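Here the structure is laid out as structure tokens; the discussion comes afterwards.
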Amino acid sequence: MSFLNQLFKKEKLNIDLGQLPNHVAIIMDGNGRWAKKRGLPRNVGHREGSNALRKIVEASSKLGIKHLTVYAFSTENWKRPKNEVDALMSLLLEYLKNAERELSGKNVRIRVIGNIKGLPEDIQKEVARVEKLTAVNSGLSLNMALNYGSRDEILQAIKGIAKEVENKTLCVENIDENTVARKLYTSEIPDPDLLIRTSGEKRISNFLLWQLAYTEFYYTDVLWPDFREKHLIEAVREYQSRHRRFGGI
Ligand code: FPP
């Protein structure tokens with residue numbers, strides 16, 4: 001048994017580090033309710049939410065998870081009041097600006113999925129800088145969904161495929177699942193094995209609709225700002241108790 005496995009057994013975590021989900025996706029929900037419960041402004045909830053993310057990135061990296069995809073800002077989130085959108089954008093900017101200092105020595109690669117061109121210019125610049133800077137890292141890949149909407153992503157893929165058919169560079173008969181997958185933002189990222197949604201809601205909310213086809217879902221009532229390593233381990237334990245059949249028996 002490896003040293004890490006011994007350590008986790010000793011702490012009675014009872015997870016098998018040899019059977020970790022390769023890719024964990026998280027819908028980080030409940031920041032607003034966390035703040036409301038304390039009589040604080042919603043934006044304080046978002047700040048605590050970004051701190052929770054820092055801790056979960058560290059925990060995932062320590063466990064040896066290869067991909068962590070987090071829903072940080074959806075294409076629908078623009079409908080929120082301007083002050084909340086601005087607060088979320090400045091938290092994102094801060095997160096990206098501090099990424100190298102915080103993640104230093106952790107071998108984490110940052111990738112952004114979503115409609116990057118629809119984000120403010122300062123964020124676009126930071127995204128390009130951080131993606132380039134961390135591209136050589138071979139540990140955890142932190143995939144941040146920013147200005148992300150799955151229907152929009154699939155629509156763009158369909159348009160791209162239609163263009164290739166129109167240009168006669170692709171035959172309709174040759175279109176298969178890989179043709180579609182290659183056109184998605186996640187073309188270089190494997191499908192998630194485990195999806196976690198916090199705060200008791202049980203919706204997909206336009207997140208990774210194509211990619212979640214065979215993913216195991218895990219819901220918890222814990223609000224995102226309270227979500228810690230022990231909750232992640234609990235989700236992994238539950239995942240390891242499932243029998244994945246991928247449509248077979
Ligand atoms: C849902 O809480 C959360 C979001 C809108 C996106 C997640 C944002 C963060 C974790 C903070 C910033 C992120 C980064 C990467 C720095 P909600 O407002 O919908 O909560 P509610 O349902 O309780 O109102």
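Simple scheme: letters A, B, ... for chains in structure tokens order, numbers from 1 for residues in each chain, numbers from 1 for ligands in the order shown.
Neighbouring residues of A:Arg129 at 12 Å or closer, counting only C-alpha atoms and skipping chain neighbours under 6 positions away, are Leu93, Leu96, Lys97, Asn98, Ala99, Glu100, Arg109, Ile110, Arg111, Val112, Asp122, Ile123 and Ala135 of chain A.
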With stretch 146-166 of chain A as the partner and 7 Å as the cut-off, tabulate the residues of stretch 15-88 of chain A that qualify, each row holding the nearest pair of atoms and their distance in Å to one decimal, using only C-alpha atoms, sorted by chain and rising number, as a tab-separated table.
residue	atom	partner	partner_atom	distance
A:Ala72	CA	A:Leu146	CA	5.7
A:Phe73	CA	A:Leu146	CA	4.8
A:Ser74	CA	A:Tyr148	CA	4.7
A:Thr75	CA	A:Asn147	CA	4.7
Using only C-alpha atoms, find the one residue out of A:Leu103, A:Leu53, A:Val85, A:Ala145 that sits nearest to A:Tyr71.
A:Ala145
Enumerate as a ChimeraX atom specification all residues of stretch 77-171 of chain A assigned to strand (DSSP E) by DSSP on the backbone, naming them with the chain letters and numbers the document uses.
/A:109-113,141-148
Using C-alpha atoms, can you write the selected residues to a file as a PDB file, in the first residue's frame?
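Once everything was written out, this is part-v1.pdb:
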ATOM      1  CA  ARG A 109      -2.530  23.797 -15.209  1.00  0.00           C
ATOM      2  CA  ILE A 110      -5.324  26.332 -15.700  1.00  0.00           C
ATOM      3  CA  ARG A 111      -7.604  26.172 -18.715  1.00  0.00           C
ATOM      4  CA  VAL A 112     -10.697  28.213 -19.393  1.00  0.00           C
ATOM      5  CA  ILE A 113     -13.741  26.828 -21.189  1.00  0.00           C
ATOM      6  CA  SER A 141      -5.819  20.552 -14.741  1.00  0.00           C
ATOM      7  CA  LEU A 142      -8.149  23.199 -13.309  1.00  0.00           C
ATOM      8  CA  ASN A 143     -10.742  23.896 -15.979  1.00  0.00           C
ATOM      9  CA  MET A 144     -12.673  27.061 -15.240  1.00  0.00           C
ATOM     10  CA  ALA A 145     -16.010  27.456 -17.006  1.00  0.00           C
ATOM     11  CA  LEU A 146     -16.342  31.208 -17.622  1.00  0.00           C
ATOM     12  CA  ASN A 147     -19.146  32.695 -19.658  1.00  0.00           C
ATOM     13  CA  TYR A 148     -19.987  29.065 -20.300  1.00  0.00           C
TER      14      TYR A 148
END
Residues within 8 Å of ligand 1 (only C-alpha atoms and all ligand atoms), as a PyMOL selection string?
chain A and resi 27-35+42+45-53+70-74+77+88-89+91-96+144+199+223-225
In Å, with one decimal, what is the gap from atom CA of A:Leu68 to atom CA of A:Glu84?
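Interatomic distance, atom CA of A:Leu68 to atom CA of A:Glu84: 25.0 Å.
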Which residue gives the smallest distance to A:Lys183 among A:Trp210, A:Lys202, A:Arg244, A:Asp221, with only C-alpha atoms counted?
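Nearest to A:Lys183: A:Trp210.
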Let's see if you can do this: from backbone DSSP, list all alpha helix (DSSP H) residues in stretch 75-151 of chain A, as number ranges by chain.
A: 82-102, 121-134, 150-151
A:Thr169, A:Gly247, A:Ser138, A:Leu209: which is nearest A:Leu184, counting only C-alpha atoms?
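Counting only C-alpha atoms, the residue closest to A:Leu184 is A:Leu209.
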